[in-house]
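As provided, final37.pdb (PDB, C-alpha atoms) reads as follows.
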ATOM      1  CA  MET B   1     -34.627  40.043  22.018
ATOM      2  CA  ILE B   2     -33.035  40.787  18.681
ATOM      3  CA  CYS B   3     -29.529  39.447  18.193
ATOM      4  CA  THR B   4     -26.970  41.228  16.065
ATOM      5  CA  MET B   5     -24.938  39.598  13.334
ATOM      6  CA  SER B   6     -22.053  39.019  15.735
ATOM      7  CA  SER B   7     -23.129  35.391  16.213
ATOM      8  CA  SER B   8     -20.554  34.097  13.745
ATOM      9  CA  LYS B   9     -17.815  36.097  15.436
ATOM     10  CA  LEU B  10     -18.701  34.728  18.854
ATOM     11  CA  PHE B  11     -19.091  31.084  17.864
ATOM     12  CA  PHE B  12     -15.398  30.406  18.240
ATOM     13  CA  ARG B  13     -14.627  32.911  21.009
ATOM     14  CA  THR B  14     -11.105  32.901  22.307
ATOM     15  CA  ALA B  15     -11.705  31.093  25.587
ATOM     16  CA  CYS B  16      -8.109  31.286  26.692
ATOM     17  CA  LYS B  17      -6.928  34.897  26.678
ATOM     18  CA  GLY B  18      -3.633  33.899  28.256
ATOM     19  CA  ILE B  19      -2.600  31.797  25.295
ATOM     20  CA  ARG B  20       0.389  33.147  23.480
ATOM     21  CA  ASN B  21       1.464  32.007  20.053
ATOM     22  CA  ASN B  22       4.302  29.512  20.155
ATOM     23  CA  PRO B  23       6.567  30.269  17.170
ATOM     24  CA  SER B  24       7.785  26.676  17.079
ATOM     25  CA  THR B  25       4.304  25.492  16.114
ATOM     26  CA  VAL B  26       4.001  27.842  13.171
ATOM     27  CA  SER B  27       4.950  26.374   9.843
ATOM     28  CA  SER B  28       6.806  28.672   7.477
ATOM     29  CA  ARG B  29       6.225  26.516   4.417
ATOM     30  CA  TRP B  30       4.153  28.860   2.309
ATOM     31  CA  LEU B  31       4.385  29.203  -1.461
ATOM     32  CA  SER B  32       6.235  32.068  -3.082
ATOM     33  CA  PRO B  33       4.152  34.496  -5.192
ATOM     34  CA  ALA B  34       5.684  33.051  -8.354
ATOM     35  CA  GLN B  35       4.270  29.631  -7.467
ATOM     36  CA  LEU B  36       0.762  30.802  -6.690
ATOM     37  CA  PRO B  37      -2.016  30.177  -9.229
ATOM     38  CA  HIS B  38      -4.455  33.013  -9.880
ATOM     39  CA  THR B  39      -7.365  30.618  -9.737
ATOM     40  CA  ILE B  40      -7.707  27.529  -7.619
ATOM     41  CA  ASP B  41      -7.041  24.213  -9.368
ATOM     42  CA  VAL B  42      -8.604  21.321  -7.506
ATOM     43  CA  THR B  43      -6.382  18.874  -9.385
ATOM     44  CA  SER B  44      -3.142  20.677  -8.564
ATOM     45  CA  SER B  45      -1.256  20.065  -5.335
ATOM     46  CA  SER B  46       0.533  23.401  -5.820
ATOM     47  CA  SER B  47      -2.603  25.271  -4.772
ATOM     48  CA  LYS B  48      -2.610  23.597  -1.370
ATOM     49  CA  ARG B  49       0.056  24.038   1.297
ATOM     50  CA  PRO B  50       1.100  20.760   2.956
ATOM     51  CA  LEU B  51      -0.325  19.930   6.357
ATOM     52  CA  SER B  52       1.907  21.282   9.068
ATOM     53  CA  ALA B  53       4.032  18.675  10.796
ATOM     54  CA  THR B  54       3.099  20.280  14.082
ATOM     55  CA  THR B  55      -0.552  19.323  14.053
ATOM     56  CA  THR B  56      -2.531  20.874  16.839
ATOM     57  CA  SER B  57      -3.235  18.907  19.973
ATOM     58  CA  SER B  58      -6.310  19.281  22.082
ATOM     59  CA  THR B  59      -5.957  20.526  25.633
ATOM     60  CA  THR B  60      -9.528  19.625  26.475
ATOM     61  CA  SER B  61     -11.076  16.244  27.237
ATOM     62  CA  LEU B  62     -14.130  17.029  25.115
ATOM     63  CA  SER B  63     -14.294  15.762  21.566
ATOM     64  CA  PRO B  64     -14.068  18.712  19.139
ATOM     65  CA  PRO B  65     -17.143  19.340  16.978
ATOM     66  CA  PHE B  66     -15.019  19.342  13.822
ATOM     67  CA  HIS B  67     -11.830  17.690  12.634
ATOM     68  CA  LYS B  68     -11.025  20.554  10.275
ATOM     69  CA  ILE B  69     -12.531  23.961   9.501
ATOM     70  CA  LEU B  70     -11.913  26.480   6.748
ATOM     71  CA  ILE B  71     -11.845  30.163   7.653
ATOM     72  CA  ALA B  72     -13.271  32.257   4.832
ATOM     73  CA  ASN B  73     -11.487  35.439   5.820
ATOM     74  CA  ARG B  74      -8.074  36.966   6.497
ATOM     75  CA  GLY B  75      -6.275  39.149   9.029
ATOM     76  CA  GLU B  76      -6.779  39.385  12.783
ATOM     77  CA  ILE B  77     -10.159  37.642  12.961
ATOM     78  CA  THR B  78      -8.661  34.648  11.172
ATOM     79  CA  LEU B  79      -5.746  34.549  13.617
ATOM     80  CA  ARG B  80      -8.138  34.542  16.582
ATOM     81  CA  ILE B  81     -10.135  31.679  15.117
ATOM     82  CA  ILE B  82      -6.960  29.696  14.349
ATOM     83  CA  ARG B  83      -5.678  30.098  17.918
ATOM     84  CA  THR B  84      -8.973  29.012  19.431
ATOM     85  CA  ALA B  85      -9.375  26.092  17.017
ATOM     86  CA  ARG B  86      -5.849  24.961  17.884
ATOM     87  CA  HIS B  87      -6.733  25.063  21.565
ATOM     88  CA  LEU B  88      -9.762  22.866  20.813
ATOM     89  CA  GLY B  89      -7.740  20.405  18.724
ATOM     90  CA  ILE B  90      -9.277  21.451  15.410
ATOM     91  CA  GLN B  91      -7.167  21.747  12.258
ATOM     92  CA  THR B  92      -7.556  24.926  10.219
ATOM     93  CA  VAL B  93      -7.496  25.887   6.560
ATOM     94  CA  ALA B  94      -6.711  29.432   5.477
ATOM     95  CA  ILE B  95      -7.612  30.963   2.136
ATOM     96  CA  TYR B  96      -5.623  33.806   0.623
ATOM     97  CA  SER B  97      -5.139  35.944  -2.449
ATOM     98  CA  THR B  98      -1.775  36.253  -4.141
ATOM     99  CA  ALA B  99      -1.280  39.571  -2.345
ATOM    100  CA  ASP B 100      -1.618  37.853   1.046
ATOM    101  CA  ALA B 101       0.720  34.925   0.390
ATOM    102  CA  LYS B 102       3.067  35.918   3.213
ATOM    103  CA  SER B 103       0.379  36.954   5.687
ATOM    104  CA  LEU B 104       0.511  35.561   9.212
ATOM    105  CA  HIS B 105      -2.831  33.781   8.920
ATOM    106  CA  VAL B 106      -1.419  31.785   5.985
ATOM    107  CA  GLN B 107       1.611  30.738   8.008
ATOM    108  CA  MET B 108      -0.343  29.867  11.150
ATOM    109  CA  ALA B 109      -2.994  27.654   9.559
ATOM    110  CA  ASP B 110      -2.406  23.915   9.105
ATOM    111  CA  GLU B 111      -3.266  24.271   5.426
ATOM    112  CA  ALA B 112      -3.632  27.214   3.066
ATOM    113  CA  VAL B 113      -5.184  27.512  -0.378
ATOM    114  CA  CYS B 114      -4.676  30.333  -2.850
ATOM    115  CA  ILE B 115      -8.042  31.336  -4.302
ATOM    116  CA  GLY B 116      -7.171  34.150  -6.660
ATOM    117  CA  PRO B 117      -5.622  37.558  -7.410
ATOM    118  CA  PRO B 118      -5.563  40.533  -4.990
ATOM    119  CA  ALA B 119      -9.009  41.943  -5.811
ATOM    120  CA  SER B 120     -11.503  40.765  -3.169
ATOM    121  CA  SER B 121     -14.173  40.271  -5.825
ATOM    122  CA  ALA B 122     -11.924  37.688  -7.475
ATOM    123  CA  SER B 123     -10.845  35.940  -4.274
ATOM    124  CA  TYR B 124     -12.384  36.397  -0.803
ATOM    125  CA  LEU B 125     -15.801  37.367  -2.198
ATOM    126  CA  HIS B 126     -15.783  34.750  -4.958
ATOM    127  CA  ILE B 127     -18.167  32.118  -3.609
ATOM    128  CA  ASP B 128     -17.318  29.462  -6.212
ATOM    129  CA  LYS B 129     -13.591  29.610  -5.433
ATOM    130  CA  VAL B 130     -14.143  29.505  -1.684
ATOM    131  CA  CYS B 131     -16.432  26.498  -2.090
ATOM    132  CA  GLU B 132     -13.828  24.749  -4.253
ATOM    133  CA  ALA B 133     -11.276  25.282  -1.489
ATOM    134  CA  ILE B 134     -13.693  23.747   1.037
ATOM    135  CA  VAL B 135     -14.119  20.609  -1.050
ATOM    136  CA  LEU B 136     -10.412  20.439  -1.939
ATOM    137  CA  THR B 137      -9.332  20.414   1.698
ATOM    138  CA  GLY B 138     -12.206  18.374   3.111
ATOM    139  CA  ALA B 139     -13.126  20.998   5.703
ATOM    140  CA  GLU B 140     -16.188  19.932   7.671
ATOM    141  CA  GLY B 141     -17.046  23.420   8.892
ATOM    142  CA  VAL B 142     -16.686  26.945   7.507
ATOM    143  CA  HIS B 143     -16.222  29.984   9.728
ATOM    144  CA  PRO B 144     -16.862  33.242   7.834
ATOM    145  CA  GLY B 145     -15.257  35.582  10.378
ATOM    146  CA  TYR B 146     -16.768  39.033   9.885
ATOM    147  CA  GLY B 147     -17.085  41.139   6.775
ATOM    148  CA  PHE B 148     -16.619  39.590   3.335
ATOM    149  CA  LEU B 149     -19.180  36.750   3.024
ATOM    150  CA  SER B 150     -20.182  36.531   6.690
ATOM    151  CA  GLU B 151     -23.608  38.122   6.116
ATOM    152  CA  ASN B 152     -24.213  36.644   2.685
ATOM    153  CA  SER B 153     -27.138  34.224   2.991
ATOM    154  CA  GLY B 154     -26.368  32.799  -0.450
ATOM    155  CA  PHE B 155     -22.901  31.794   0.720
ATOM    156  CA  ALA B 156     -24.228  30.156   3.886
ATOM    157  CA  GLU B 157     -26.732  28.212   1.812
ATOM    158  CA  ARG B 158     -24.089  27.103  -0.707
ATOM    159  CA  VAL B 159     -21.767  25.948   2.060
ATOM    160  CA  GLU B 160     -24.408  23.702   3.632
ATOM    161  CA  GLN B 161     -25.110  22.096   0.268
ATOM    162  CA  LEU B 162     -21.511  20.877   0.035
ATOM    163  CA  THR B 163     -20.413  17.365   0.940
ATOM    164  CA  VAL B 164     -16.878  16.361   1.899
ATOM    165  CA  GLY B 165     -15.263  13.022   2.642
ATOM    166  CA  HIS B 166     -14.452  11.875   6.169
ATOM    167  CA  ASN B 167     -10.846  11.363   7.210
ATOM    168  CA  ASP B 168     -11.703   8.386   9.414
ATOM    169  CA  ASN B 169     -12.660   4.809   8.611
ATOM    170  CA  SER B 170     -16.348   5.159   9.382
ATOM    171  CA  ASP B 171     -18.930   3.461   7.193
ATOM    172  CA  ASN B 172     -20.367   6.815   6.217
ATOM    173  CA  ASN B 173     -17.433   8.364   4.361
ATOM    174  CA  SER B 174     -19.059  11.694   3.559
ATOM    175  CA  ALA B 175     -20.692  14.490   5.513
ATOM    176  CA  LYS B 176     -22.512  17.744   4.938
ATOM    177  CA  VAL B 177     -20.425  20.856   5.548
ATOM    178  CA  LYS B 178     -21.606  23.089   8.402
ATOM    179  CA  PHE B 179     -21.718  26.886   8.277
ATOM    180  CA  ILE B 180     -20.388  28.127  11.621
ATOM    181  CA  GLY B 181     -22.631  31.096  12.155
ATOM    182  CA  PRO B 182     -26.255  32.250  11.930
ATOM    183  CA  SER B 183     -28.782  30.273   9.916
ATOM    184  CA  THR B 184     -29.655  31.397   6.410
ATOM    185  CA  HIS B 185     -33.029  32.577   7.737
ATOM    186  CA  ALA B 186     -31.371  34.660  10.457
ATOM    187  CA  ILE B 187     -28.999  36.273   7.972
ATOM    188  CA  GLN B 188     -31.849  37.130   5.629
ATOM    189  CA  SER B 189     -34.003  38.466   8.457
ATOM    190  CA  LEU B 190     -31.408  40.483  10.337
ATOM    191  CA  GLY B 191     -29.036  41.457   7.564
ATOM    192  CA  ASP B 192     -31.337  44.311   6.549
ATOM    193  CA  LYS B 193     -31.894  46.951   9.251
ATOM    194  CA  ILE B 194     -35.427  47.846   8.183
ATOM    195  CA  GLN B 195     -36.454  44.199   8.020
ATOM    196  CA  SER B 196     -34.919  43.668  11.471
ATOM    197  CA  LYS B 197     -36.954  46.564  12.851
ATOM    198  CA  LEU B 198     -40.168  45.202  11.369
ATOM    199  CA  ILE B 199     -39.507  41.792  12.922
ATOM    200  CA  ALA B 200     -38.833  43.385  16.307
ATOM    201  CA  GLN B 201     -41.967  45.491  16.039
ATOM    202  CA  ALA B 202     -44.077  42.454  15.158
ATOM    203  CA  ALA B 203     -42.673  40.677  18.215
ATOM    204  CA  GLY B 204     -43.740  43.533  20.462
ATOM    205  CA  VAL B 205     -40.228  44.827  21.087
ATOM    206  CA  SER B 206     -39.922  48.580  21.643
ATOM    207  CA  ILE B 207     -38.095  50.264  18.777
ATOM    208  CA  ILE B 208     -36.872  53.760  18.051
ATOM    209  CA  PRO B 209     -39.159  55.435  15.485
ATOM    210  CA  GLY B 210     -37.539  55.860  12.114
ATOM    211  CA  TYR B 211     -38.164  55.764   8.397
ATOM    212  CA  ASN B 212     -39.454  52.382   7.133
ATOM    213  CA  GLY B 213     -40.492  53.437   3.676
ATOM    214  CA  VAL B 214     -37.629  51.813   1.754
TER     215      VAL B 214
END

Structure re-expressed in structure tokens:
Amino acid sequence: MICTMSSSKLFFRTACKGIRNNPSTVSSRWLSPAQLPHTIDVTSSSSKRPLSATTTSSTTSLSPPFHKILIANRGEITLRIIRTARHLGIQTVAIYSTADAKSLHVQMADEAVCIGPPASSASYLHIDKVCEAIVLTGAEGVHPGYGFLSENSGFAERVEQLTVGHNDNSDNNSAKVKFIGPSTHAIQSLGDKIQSKLIAQAAGVSIIPGYNGV
């Protein structure tokens, strides 16, 4: 059976459809556009919004797989991930361009980092800046959402090469960052439709005839 690239979207499925956003838990302390740097500065506290005083609390007895995750996206998918992470007791980090400084995903996340100007190529698609934000905030996992870098195998590989410090007092004070989504191999194999069809055909899966000459 061939899976689609929706794996990353489904990893943090909203398990509680009845949850409604509680306005009192949403911090409004975001930076004004005049305060936002056009490029991230890992030495500047102005590029990072303070941790919300209303830190999320877990409503489940299970230990969450991460203490903090960064969501490399914006808009509705980011809001869904934030709500579900909050339900699981996981802190969230949002990234945003200067054009999105007042967006809801920026206000809802526990932390937010400005990664560049409005153009996606200089912000949401800029792998180096996203990786700097991961290290700056100490996020242990990265959820790509969908679109942007979610099907970029190079990004997934870069993420899992990063190391961040632990927030606890354990002897091992660093950990490898996890990419919350398909493996690099899966992205490479299924990101191209023709390659996906060839893999399915080799596995004996029935496929619809088409052009495989490219």

inquiry  = Show me, as a VMD selection string, the residues that have an atom within 7 Å of segment 72-85 of chain B when counting all atoms listed in the file, minus same-chain residues fewer than 6 positions from it.
reply    = chain B and resid 12 14 91 to 92 95 105 109 124 142 to 145

task = Show which residues sit within 12 Å of Ala122 of chain B, as a VMD selection string. Count only C-alpha atoms, and ignore same-chain residues fewer than 5 positions away.
result = chain B and resid 38 to 40 96 to 99 114 to 117 127 to 130 148

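Look at Phe155 of chain B: the protein and nucleic acid residues within 9 Å of it, using all atoms listed in the file and passing over chain neighbours fewer than 4 places away, are Ile127, Cys131, Leu149, Ser150, Glu151, Val159, Glu160 and Thr184 of chain B.
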
Point-to-point distance in Å for atom CA of Gly154 of chain B and atom CA of Ala203 of chain B = 26.0 Å

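Every residue that the PyMOL selection byres ((chain B and resi 67) around 7) selects in this file is listed here: Pro64, Phe66, Lys68, Ile90, Gln91 and Glu140 of chain B.
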
message = I'd like the interatomic distance between atom CA of Leu70 of chain B and atom CA of Val93 of chain B, to a tenth of an Å.
response = 4.5 Å
